[in-house]
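J.: For reference, the file work25.cif (mmCIF, C-alpha atoms) is included below:
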```cif
data_run
#
loop_
_atom_site.group_PDB
_atom_site.id
_atom_site.type_symbol
_atom_site.label_atom_id
_atom_site.label_comp_id
_atom_site.auth_asym_id
_atom_site.auth_seq_id
_atom_site.Cartn_x
_atom_site.Cartn_y
_atom_site.Cartn_z
ATOM 1 C CA MET E 26 -31.063 9.590 27.884
ATOM 2 C CA ALA E 27 -31.656 8.004 24.496
ATOM 3 C CA ARG E 28 -28.560 7.505 22.436
ATOM 4 C CA ARG E 29 -28.416 6.976 18.740
ATOM 5 C CA PHE E 30 -27.266 3.500 17.924
ATOM 6 C CA GLY E 31 -23.934 3.181 16.227
ATOM 7 C CA ALA E 32 -20.401 2.107 16.454
ATOM 8 C CA LYS E 33 -17.127 3.152 14.996
ATOM 9 C CA PHE E 34 -17.988 2.424 11.354
ATOM 10 C CA SER E 35 -21.664 3.473 11.345
ATOM 11 C CA ARG E 36 -22.823 6.219 9.031
ATOM 12 C CA ARG E 37 -23.313 9.482 10.761
ATOM 13 C CA GLY E 38 -26.459 11.346 9.819
ATOM 14 C CA GLY E 39 -26.349 15.068 9.289
ATOM 15 C CA GLU E 40 -22.653 15.507 9.825
ATOM 16 C CA ALA E 41 -20.279 16.318 7.061
ATOM 17 C CA GLU E 42 -17.675 13.660 6.507
ATOM 18 C CA GLY E 43 -14.329 15.129 7.433
ATOM 19 C CA PRO E 44 -11.002 13.555 6.751
ATOM 20 C CA GLY E 45 -11.280 10.091 8.227
ATOM 21 C CA ALA E 46 -10.431 9.695 11.857
ATOM 22 C CA TRP E 47 -9.089 6.263 11.037
ATOM 23 C CA ARG E 48 -6.567 7.268 8.407
ATOM 24 C CA GLY E 49 -3.360 5.417 8.885
ATOM 25 C CA ALA E 50 -5.115 2.794 10.994
ATOM 26 C CA VAL E 51 -3.995 -0.797 10.557
ATOM 27 C CA ARG E 52 -5.513 -4.044 11.652
ATOM 28 C CA THR E 53 -3.906 -5.541 14.696
ATOM 29 C CA ARG E 54 -2.587 -9.059 14.449
ATOM 30 C CA ALA E 55 -3.132 -9.627 18.144
ATOM 31 C CA GLY E 56 -6.547 -11.119 17.427
ATOM 32 C CA GLY E 57 -7.983 -14.477 16.461
ATOM 33 C CA ARG E 58 -4.910 -16.649 16.275
ATOM 34 C CA VAL E 59 -3.607 -15.599 19.657
ATOM 35 C CA ASN E 60 -6.991 -16.230 21.256
ATOM 36 C CA LEU E 61 -6.634 -19.887 20.297
ATOM 37 C CA LEU E 62 -3.566 -20.034 22.526
ATOM 38 C CA PHE E 63 -5.792 -19.171 25.473
ATOM 39 C CA LEU E 64 -8.260 -21.936 24.599
ATOM 40 C CA ALA E 65 -5.968 -24.794 23.631
ATOM 41 C CA PRO E 66 -4.546 -25.587 27.096
ATOM 42 C CA LEU E 67 -7.950 -25.460 28.854
ATOM 43 C CA PRO E 68 -8.454 -29.266 28.813
ATOM 44 C CA LEU E 69 -5.706 -29.316 31.459
ATOM 45 C CA VAL E 70 -8.359 -28.238 33.980
ATOM 46 C CA TRP E 71 -10.090 -31.541 33.516
ATOM 47 C CA ALA E 72 -6.806 -33.416 33.690
ATOM 48 C CA ALA E 73 -5.940 -31.550 36.907
ATOM 49 C CA PHE E 74 -9.023 -32.685 38.775
ATOM 50 C CA THR E 75 -8.842 -36.296 37.761
ATOM 51 C CA SER E 76 -5.266 -37.179 38.602
ATOM 52 C CA GLY E 77 -4.507 -36.803 42.298
ATOM 53 C CA ALA E 78 -2.634 -34.151 44.245
ATOM 54 C CA VAL E 79 0.634 -34.123 42.331
ATOM 55 C CA GLY E 80 -1.193 -34.203 39.004
ATOM 56 C CA LEU E 81 -3.385 -31.336 40.179
ATOM 57 C CA ALA E 82 -0.415 -29.157 41.051
ATOM 58 C CA LEU E 83 1.518 -29.982 37.883
ATOM 59 C CA ASN E 84 -1.445 -29.584 35.538
ATOM 60 C CA LEU E 85 -2.622 -26.322 37.052
ATOM 61 C CA GLY E 86 0.949 -25.052 37.002
ATOM 62 C CA ALA E 87 1.224 -25.980 33.339
ATOM 63 C CA LEU E 88 -2.083 -24.293 32.574
ATOM 64 C CA GLY E 89 -0.967 -21.144 34.370
ATOM 65 C CA LEU E 90 2.309 -21.046 32.477
ATOM 66 C CA MET E 91 0.618 -21.494 29.106
ATOM 67 C CA LEU E 92 -2.032 -18.856 29.803
ATOM 68 C CA LEU E 93 0.693 -16.460 30.897
ATOM 69 C CA ALA E 94 2.556 -17.303 27.700
ATOM 70 C CA ALA E 95 -0.556 -16.576 25.598
ATOM 71 C CA TRP E 96 -0.981 -13.228 27.324
ATOM 72 C CA LEU E 97 2.685 -12.366 26.843
ATOM 73 C CA THR E 98 2.395 -13.313 23.174
ATOM 74 C CA ARG E 99 -0.454 -10.867 22.731
ATOM 75 C CA GLU E 100 1.394 -8.092 24.535
ATOM 76 C CA GLY E 101 4.494 -8.857 22.487
ATOM 77 C CA ILE E 102 2.598 -8.588 19.212
ATOM 78 C CA ARG E 103 1.118 -5.275 20.316
ATOM 79 C CA ALA E 104 4.518 -3.952 21.330
ATOM 80 C CA GLN E 105 5.926 -4.988 17.992
ATOM 81 C CA GLU E 106 3.121 -3.222 16.141
ATOM 82 C CA VAL E 107 3.845 -0.015 18.015
ATOM 83 C CA TYR E 108 7.524 -0.499 17.182
ATOM 84 C CA GLU E 109 6.762 -1.017 13.493
ATOM 85 C CA ALA E 110 4.418 1.964 13.286
ATOM 86 C CA ARG E 111 7.130 4.305 14.459
ATOM 87 C CA LYS E 112 10.108 5.352 12.484
ATOM 88 C CA VAL E 113 12.264 5.892 15.486
ATOM 89 C CA ALA E 114 11.767 3.345 18.203
ATOM 90 C CA ARG E 115 13.618 1.693 21.006
ATOM 91 C CA ARG E 116 13.496 -2.039 21.282
ATOM 92 C CA PRO E 117 10.892 -3.296 23.768
ATOM 93 C CA ALA E 118 12.339 -3.218 27.267
ATOM 94 C CA PHE E 119 11.204 -6.753 27.973
ATOM 95 C CA PRO E 120 11.299 -9.316 25.116
ATOM 96 C CA ARG E 121 7.763 -10.607 25.615
ATOM 97 C CA LYS E 122 7.537 -13.003 22.698
ATOM 98 C CA ILE E 123 10.778 -14.739 23.573
ATOM 99 C CA ALA E 124 9.588 -15.084 27.164
ATOM 100 C CA ALA E 125 6.287 -16.451 25.836
ATOM 101 C CA SER E 126 8.151 -19.077 23.789
ATOM 102 C CA LEU E 127 10.088 -20.182 26.863
ATOM 103 C CA LEU E 128 6.958 -20.247 29.027
ATOM 104 C CA THR E 129 5.044 -22.275 26.433
ATOM 105 C CA GLY E 130 7.886 -24.786 26.435
ATOM 106 C CA ALA E 131 7.955 -24.892 30.236
ATOM 107 C CA GLY E 132 4.178 -25.330 30.403
ATOM 108 C CA LEU E 133 4.209 -28.167 27.896
ATOM 109 C CA GLY E 134 7.076 -29.847 29.741
ATOM 110 C CA LEU E 135 5.186 -29.606 33.037
ATOM 111 C CA ALA E 136 2.043 -30.995 31.464
ATOM 112 C CA GLY E 137 4.124 -33.820 30.013
ATOM 113 C CA LEU E 138 5.475 -34.611 33.486
ATOM 114 C CA ALA E 139 1.965 -34.587 34.918
ATOM 115 C CA ASP E 140 1.014 -37.072 32.288
ATOM 116 C CA GLY E 141 3.188 -39.576 34.154
ATOM 117 C CA GLY E 142 5.432 -39.842 31.160
ATOM 118 C CA ALA E 143 9.186 -40.088 31.200
ATOM 119 C CA ALA E 144 11.273 -36.986 31.729
ATOM 120 C CA LEU E 145 12.546 -37.416 28.201
ATOM 121 C CA ALA E 146 9.026 -36.993 26.793
ATOM 122 C CA ALA E 147 8.555 -33.829 28.858
ATOM 123 C CA VAL E 148 11.826 -32.396 27.583
ATOM 124 C CA ILE E 149 10.826 -33.165 24.000
ATOM 125 C CA TYR E 150 7.451 -31.476 24.430
ATOM 126 C CA ALA E 151 9.156 -28.457 25.934
ATOM 127 C CA LEU E 152 11.750 -28.093 23.190
ATOM 128 C CA VAL E 153 9.331 -28.660 20.316
ATOM 129 C CA GLY E 154 6.739 -26.336 21.860
ATOM 130 C CA ALA E 155 9.215 -23.509 22.400
ATOM 131 C CA ALA E 156 10.608 -23.887 18.882
ATOM 132 C CA LEU E 157 7.156 -23.931 17.272
ATOM 133 C CA HIS E 158 6.083 -20.879 19.252
ATOM 134 C CA ALA E 159 9.198 -18.979 18.214
ATOM 135 C CA LEU E 160 8.603 -19.977 14.592
ATOM 136 C CA ALA E 161 4.918 -19.067 14.632
ATOM 137 C CA PHE E 162 5.256 -15.655 16.236
ATOM 138 C CA GLY E 163 8.834 -14.714 15.581
ATOM 139 C CA LEU E 164 11.170 -12.985 18.004
ATOM 140 C CA ASP E 165 10.823 -9.519 19.434
ATOM 141 C CA PRO E 166 12.598 -6.666 17.690
ATOM 142 C CA LEU E 167 15.928 -6.700 19.475
ATOM 143 C CA ARG E 168 17.532 -3.506 18.321
ATOM 144 C CA ASP E 169 16.619 0.151 18.278
ATOM 145 C CA LYS E 170 15.271 1.368 14.984
ATOM 146 C CA GLY E 171 15.886 4.506 12.991
ATOM 147 C CA MET E 172 18.646 5.706 15.256
ATOM 148 C CA GLU E 173 21.487 5.250 12.811
ATOM 149 C CA GLY E 174 23.431 8.386 12.123
ATOM 150 C CA MET E 175 21.780 10.246 14.950
ATOM 151 C CA ASP E 176 23.482 10.850 18.200
ATOM 152 C CA ALA E 177 22.036 8.829 21.019
ATOM 153 C CA PHE E 178 21.102 11.916 22.991
ATOM 154 C CA GLN E 179 19.016 13.397 20.198
ATOM 155 C CA SER E 180 17.224 10.170 19.372
ATOM 156 C CA ALA E 181 16.505 9.484 23.020
ATOM 157 C CA ARG E 182 14.971 12.947 23.254
ATOM 158 C CA VAL E 183 12.734 12.284 20.267
ATOM 159 C CA ALA E 184 11.657 8.887 21.575
ATOM 160 C CA ARG E 185 10.891 10.432 24.958
ATOM 161 C CA ALA E 186 8.903 13.289 23.470
ATOM 162 C CA VAL E 187 6.877 10.904 21.312
ATOM 163 C CA ASP E 188 6.196 8.633 24.290
ATOM 164 C CA LYS E 189 5.003 11.562 26.330
ATOM 165 C CA ALA E 190 2.780 12.832 23.527
ATOM 166 C CA GLU E 191 1.262 9.365 23.174
ATOM 167 C CA THR E 192 0.539 9.362 26.904
ATOM 168 C CA TYR E 193 -1.388 12.609 26.587
ATOM 169 C CA LEU E 194 -3.317 11.219 23.618
ATOM 170 C CA GLY E 195 -4.168 8.101 25.611
ATOM 171 C CA GLU E 196 -5.436 10.212 28.488
ATOM 172 C CA MET E 197 -7.583 12.207 26.063
ATOM 173 C CA THR E 198 -9.161 9.037 24.741
ATOM 174 C CA GLY E 199 -9.828 7.842 28.272
ATOM 175 C CA ALA E 200 -11.420 11.133 29.267
ATOM 176 C CA VAL E 201 -13.634 11.553 26.222
ATOM 177 C CA THR E 202 -15.010 8.035 26.627
ATOM 178 C CA ARG E 203 -16.399 9.182 29.951
ATOM 179 C CA ALA E 204 -18.407 11.885 28.214
ATOM 180 C CA GLY E 205 -20.383 9.161 26.453
ATOM 181 C CA ASP E 206 -20.705 11.073 23.205
ATOM 182 C CA ARG E 207 -19.869 9.192 20.075
ATOM 183 C CA GLN E 208 -19.293 12.235 17.912
ATOM 184 C CA ALA E 209 -16.927 13.670 20.464
ATOM 185 C CA GLU E 210 -15.004 10.392 20.500
ATOM 186 C CA GLU E 211 -14.674 10.489 16.725
ATOM 187 C CA ARG E 212 -13.673 14.123 16.794
ATOM 188 C CA VAL E 213 -10.924 13.377 19.275
ATOM 189 C CA ALA E 214 -9.746 10.414 17.188
ATOM 190 C CA ARG E 215 -9.467 12.692 14.174
ATOM 191 C CA PHE E 216 -7.479 15.230 16.132
ATOM 192 C CA GLN E 217 -5.199 12.470 17.352
ATOM 193 C CA ALA E 218 -4.575 11.354 13.777
ATOM 194 C CA SER E 219 -3.284 14.830 12.938
ATOM 195 C CA VAL E 220 -1.086 14.844 16.038
ATOM 196 C CA ARG E 221 0.357 11.476 15.043
ATOM 197 C CA GLU E 222 1.240 12.886 11.637
ATOM 198 C CA MET E 223 3.306 15.495 13.408
ATOM 199 C CA LEU E 224 4.937 12.813 15.547
ATOM 200 C CA ARG E 225 5.975 10.876 12.447
ATOM 201 C CA SER E 226 7.379 14.037 10.932
ATOM 202 C CA VAL E 227 9.427 14.762 14.058
ATOM 203 C CA GLU E 228 10.710 11.207 14.031
ATOM 204 C CA ASP E 229 11.786 11.688 10.442
ATOM 205 C CA ASP E 230 13.811 14.729 11.288
ATOM 206 C CA PRO E 231 14.700 15.091 14.969
ATOM 207 C CA ARG E 232 15.808 18.683 14.400
ATOM 208 C CA ASP E 233 12.107 19.488 14.131
ATOM 209 C CA LEU E 234 11.683 18.619 17.756
ATOM 210 C CA ALA E 235 12.874 22.051 18.862
ATOM 211 C CA THR E 236 10.133 23.829 16.918
ATOM 212 C CA ALA E 237 7.449 21.250 17.499
ATOM 213 C CA ARG E 238 8.083 20.873 21.200
ATOM 214 C CA LYS E 239 5.579 23.541 22.173
ATOM 215 C CA TYR E 240 2.908 21.692 20.236
ATOM 216 C CA LEU E 241 3.762 18.336 21.699
ATOM 217 C CA THR E 242 3.723 19.559 25.263
ATOM 218 C CA ILE E 243 1.848 22.754 26.040
ATOM 219 C CA TYR E 244 -0.880 22.445 23.434
ATOM 220 C CA LEU E 245 -1.364 18.737 23.963
ATOM 221 C CA ILE E 246 -1.567 19.182 27.727
ATOM 222 C CA GLY E 247 -4.083 21.959 27.115
ATOM 223 C CA ALA E 248 -6.093 19.708 24.831
ATOM 224 C CA ARG E 249 -6.019 16.923 27.390
ATOM 225 C CA ASP E 250 -7.131 19.191 30.223
ATOM 226 C CA ALA E 251 -9.893 20.673 28.094
ATOM 227 C CA THR E 252 -11.044 17.148 27.229
ATOM 228 C CA ILE E 253 -11.175 16.161 30.886
ATOM 229 C CA LYS E 254 -13.169 19.285 31.780
ATOM 230 C CA PHE E 255 -15.494 18.789 28.818
ATOM 231 C CA ALA E 256 -16.072 15.158 29.768
ATOM 232 C CA ASP E 257 -16.914 16.118 33.354
ATOM 233 C CA ILE E 258 -19.328 18.848 32.340
ATOM 234 C CA TYR E 259 -20.908 16.982 29.475
ATOM 235 C CA ALA E 260 -21.383 13.726 31.384
ATOM 236 C CA ARG E 261 -23.224 15.666 34.061
ATOM 237 C CA SER E 262 -25.315 18.181 32.149
ATOM 238 C CA ARG E 263 -25.224 17.315 28.410
ATOM 239 C CA ASP E 264 -24.519 20.974 27.847
ATOM 240 C CA ALA E 265 -24.709 21.632 24.081
ATOM 241 C CA GLY E 266 -22.809 24.909 24.476
ATOM 242 C CA ALA E 267 -19.868 23.181 26.127
ATOM 243 C CA ARG E 268 -19.830 20.626 23.359
ATOM 244 C CA ARG E 269 -19.831 23.297 20.677
ATOM 245 C CA ASP E 270 -16.990 25.175 22.373
ATOM 246 C CA TYR E 271 -15.010 21.999 22.783
ATOM 247 C CA PHE E 272 -15.439 21.062 19.132
ATOM 248 C CA ALA E 273 -14.395 24.564 18.067
ATOM 249 C CA LEU E 274 -11.269 24.213 20.212
ATOM 250 C CA LEU E 275 -10.442 20.881 18.603
ATOM 251 C CA ASP E 276 -10.983 22.403 15.147
ATOM 252 C CA ASP E 277 -8.534 25.182 15.942
ATOM 253 C CA LEU E 278 -6.002 22.823 17.399
ATOM 254 C CA GLU E 279 -6.234 20.421 14.515
ATOM 255 C CA GLU E 280 -5.795 23.210 11.971
ATOM 256 C CA ASN E 281 -2.731 24.435 13.831
ATOM 257 C CA PHE E 282 -1.201 21.016 14.119
ATOM 258 C CA THR E 283 -1.757 20.304 10.425
ATOM 259 C CA ALA E 284 -0.299 23.664 9.411
ATOM 260 C CA LYS E 285 2.718 23.162 11.653
ATOM 261 C CA THR E 286 3.325 19.699 10.245
ATOM 262 C CA ARG E 287 3.206 21.135 6.744
ATOM 263 C CA ASP E 288 5.715 23.776 7.838
ATOM 264 C CA LEU E 289 8.047 21.137 9.197
ATOM 265 C CA LEU E 290 7.934 19.255 5.909
ATOM 266 C CA ARG E 291 8.562 22.437 3.939
ATOM 267 C CA ASP E 292 11.571 23.202 6.143
ATOM 268 C CA ASP E 293 12.924 19.798 5.278
ATOM 269 C CA SER E 294 12.680 20.482 1.557
ATOM 270 C CA THR E 295 14.316 23.893 2.013
ATOM 271 C CA ASP E 296 17.177 22.142 3.769
ATOM 272 C CA LEU E 297 17.548 19.846 0.802
ATOM 273 C CA GLU E 298 17.575 22.748 -1.653
ATOM 274 C CA VAL E 299 20.270 24.524 0.335
ATOM 275 C CA GLU E 300 22.326 21.367 0.463
ATOM 276 C CA VAL E 301 22.036 20.827 -3.291
ATOM 277 C CA GLU E 302 22.892 24.441 -4.006
ATOM 278 C CA VAL E 303 25.986 24.391 -1.804
ATOM 279 C CA LEU E 304 27.237 21.171 -3.320
ATOM 280 C CA ARG E 305 26.702 22.435 -6.861
ATOM 281 C CA GLU E 306 28.554 25.637 -6.143
ATOM 282 C CA ARG E 307 31.499 23.788 -4.702
ATOM 283 C CA LEU E 308 31.643 21.495 -7.703
ATOM 284 C CA ALA E 309 31.514 24.464 -10.022
ATOM 285 C CA ARG E 310 34.371 26.074 -8.101
ATOM 286 C CA GLU E 311 36.493 22.992 -8.714
ATOM 287 C CA GLY E 312 36.419 24.146 -12.313
ATOM 288 C CA ILE E 313 36.282 20.693 -13.812
ATOM 289 C CA ARG E 314 33.649 20.051 -16.423
ATOM 290 C CA PRO E 315 32.633 16.585 -17.519
ATOM 291 C CA THR E 316 34.106 16.135 -20.975
ATOM 292 C CA ASN E 317 31.597 13.746 -22.439
ATOM 293 C CA ARG E 318 28.700 16.093 -21.966
ATOM 294 C CA PRO E 319 28.034 18.919 -24.405
ATOM 295 C CA THR E 320 28.095 22.223 -22.557
ATOM 296 C CA MET F 1 11.414 -13.242 -5.636
ATOM 297 C CA GLN F 2 11.124 -11.281 -2.429
ATOM 298 C CA GLU F 3 7.356 -11.562 -2.546
ATOM 299 C CA ARG F 4 7.604 -15.287 -2.879
ATOM 300 C CA ARG F 5 9.926 -15.517 0.073
ATOM 301 C CA ALA F 6 7.513 -13.463 2.161
ATOM 302 C CA MET F 7 4.689 -15.813 1.165
ATOM 303 C CA THR F 8 6.722 -18.868 2.087
ATOM 304 C CA GLU F 9 7.528 -17.286 5.406
ATOM 305 C CA THR F 10 3.858 -16.563 6.131
ATOM 306 C CA GLY F 11 3.000 -20.135 5.201
ATOM 307 C CA LEU F 12 5.692 -21.490 7.491
ATOM 308 C CA ARG F 13 4.467 -19.337 10.336
ATOM 309 C CA LYS F 14 0.910 -20.541 9.850
ATOM 310 C CA LEU F 15 2.034 -24.149 9.757
ATOM 311 C CA ALA F 16 4.088 -23.671 12.911
ATOM 312 C CA PHE F 17 1.095 -22.111 14.611
ATOM 313 C CA VAL F 18 -1.225 -24.985 13.674
ATOM 314 C CA LEU F 19 1.349 -27.503 14.867
ATOM 315 C CA LEU F 20 1.783 -25.607 18.115
ATOM 316 C CA VAL F 21 -1.956 -25.588 18.816
ATOM 317 C CA MET F 22 -2.140 -29.286 17.966
ATOM 318 C CA LEU F 23 0.760 -30.036 20.288
ATOM 319 C CA ILE F 24 -0.806 -28.097 23.158
ATOM 320 C CA LEU F 25 -4.146 -29.846 22.583
ATOM 321 C CA TYR F 26 -2.467 -33.227 22.401
ATOM 322 C CA VAL F 27 -0.449 -32.766 25.570
ATOM 323 C CA SER F 28 -3.315 -31.302 27.527
ATOM 324 C CA LEU F 29 -5.818 -33.926 26.356
ATOM 325 C CA ALA F 30 -3.415 -36.806 26.850
ATOM 326 C CA GLY F 31 -2.904 -35.716 30.471
ATOM 327 C CA GLY F 32 -6.519 -36.460 31.272
ATOM 328 C CA MET F 33 -6.688 -39.834 29.590
#
```
What's the structure tokens form of this structure?

T.:
Amino acid sequence: MARRFGAKFSRRGGEAEGPGAWRGAVRTRAGGRVNLLFLAPLPLVWAAFTSGAVGLALNLGALGLMLLAAWLTREGIRAQEVYEARKVARRPAFPRKIAASLLTGAGLGLAGLADGGAALAAVIYALVGAALHALAFGLDPLRDKGMEGMDAFQSARVARAVDKAETYLGEMTGAVTRAGDRQAEERVARFQASVREMLRSVEDDPRDLATARKYLTIYLIGARDATIKFADIYARSRDAGARRDYFALLDDLEENFTAKTRDLLRDDSTDLEVEVEVLRERLAREGIRPTNRPT
Amino acid sequence: MQERRAMTETGLRKLAFVLLVMLILYVSLAGGM
């Protein structure tokens, strides 16, 4: 079936522009620079096949280590971006960038050995390489973020709930891609943006988790299941009715999520008002008036 | 002041990256010579 050409930033004809599906999106840094790390050690292939058996093993080993390091660097940068996007986050379970620094050093050292050079040269390559890598990409975030003043139990619950919600969102994206409908993909992305707003709000105030939990589990699971069913049906039959129903469902869900998020924020400001009021009253009860201010 | 420090840091990172790529290229090219 013919499909209108377009990608994520193309203009869409005939459809009203809603609030952008890409609001809050940021450019990933895991792009161009890191790709160079995959390319730079490739000349080792040539070295491997021109220097005998030991040279072959050492050079290929070095190449493997450096490619692994490049891959770990990319994963580490991605993990750090996820960490920075969230207000409450645990540190990455495995410090990928630090491991990448060490592996880069090891790879360079091995390549230096293969070169037939002295062990000292290999050690120097290894140390300088590891240091430069650590300088260029930094270290992984090593401590949990945004968990000060919260008890560990509560913050762990929030982090878990957010993780789970993100899993559902990921599954939705995977399912809707199968449907092969660009508008549906954009619609889902927009819905996900509104869900993420709620996630940020819950992270801000973990007490909201109790009220938002239904949204982050039952409704999200429902949305995911509906997406999977829609993708199955639509991929098979291109049923316009199913698409319309699915879009209507997403509209409803999005409205509800947005309204709930607004509610959560309003609750927060009510809390503040109560707090201010109580404090003022207590101060007034102390009966002391500032003397330098005209009353 | 803070902005300037951030700029210096970015510059340092870029320099370190360029040096790293050059080092990898040098070591891997020298191996084949």

J.: Given the PyMOL selection byres ((chain F) within 8 of (chain E)) and the file above, list the residues it selects as a ChimeraX atom specification.

T.: /F:12-17,19-21,23-25,27-33

J.: So how far away is atom CA of Gly205 of chain E from atom CA of Asn281 of chain E, in Å?

T.: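 We find that atom CA of Asn281 of chain E and atom CA of Gly205 of chain E lie 26.5 Å from each other.
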
J.: Please report the interatomic distance between atom CA of Gly57 of chain E and atom CA of Gly195 of chain E in Å with one decimal.

T.: 24.7 Å

J.: For a test of reading the model, state the distance in Å between atom CA of Asp229 of chain E and atom CA of Ala214 of chain E, rounded to one decimal.

T.: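 Atom CA of Ala214 of chain E lies at a distance of 22.6 Å from atom CA of Asp229 of chain E.
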
J.: How would you write, as number ranges by chain, the residues chosen by the PyMOL selection byres ((chain E and resi 119) around 10) on this structure?

T.: E: 101, 104, 116-118, 120-124, 165, 167

J.: Taking the file as I've supplied it (selection: the PyMOL selection byres ((chain E and resi 202) around 12)), which residues are included? Please answer as a PyMOL selection string.

T.: chain E and resi 195-201+203-214+252-253+255-257+259-260

J.: Could you pull the residues within 7 Å of Arg99 of chain E, counting all atoms listed in the file, minus those fewer than 4 positions along the same chain, as an NGL selection string?

T.: :E and (55 or 59 or 95 or 103)

J.: Kindly provide, as AutoDock Vina command-line options, the centre and edge lengths (Å, one decimal) of an axis-aligned box around all atoms of segment 231-234 of chain E given in the file, with 5 Å on each side.

T.:
```
--center_x 13.7 --center_y 17.3 --center_z 15.9 --size_x 14.1 --size_y 14.4 --size_z 13.6
```
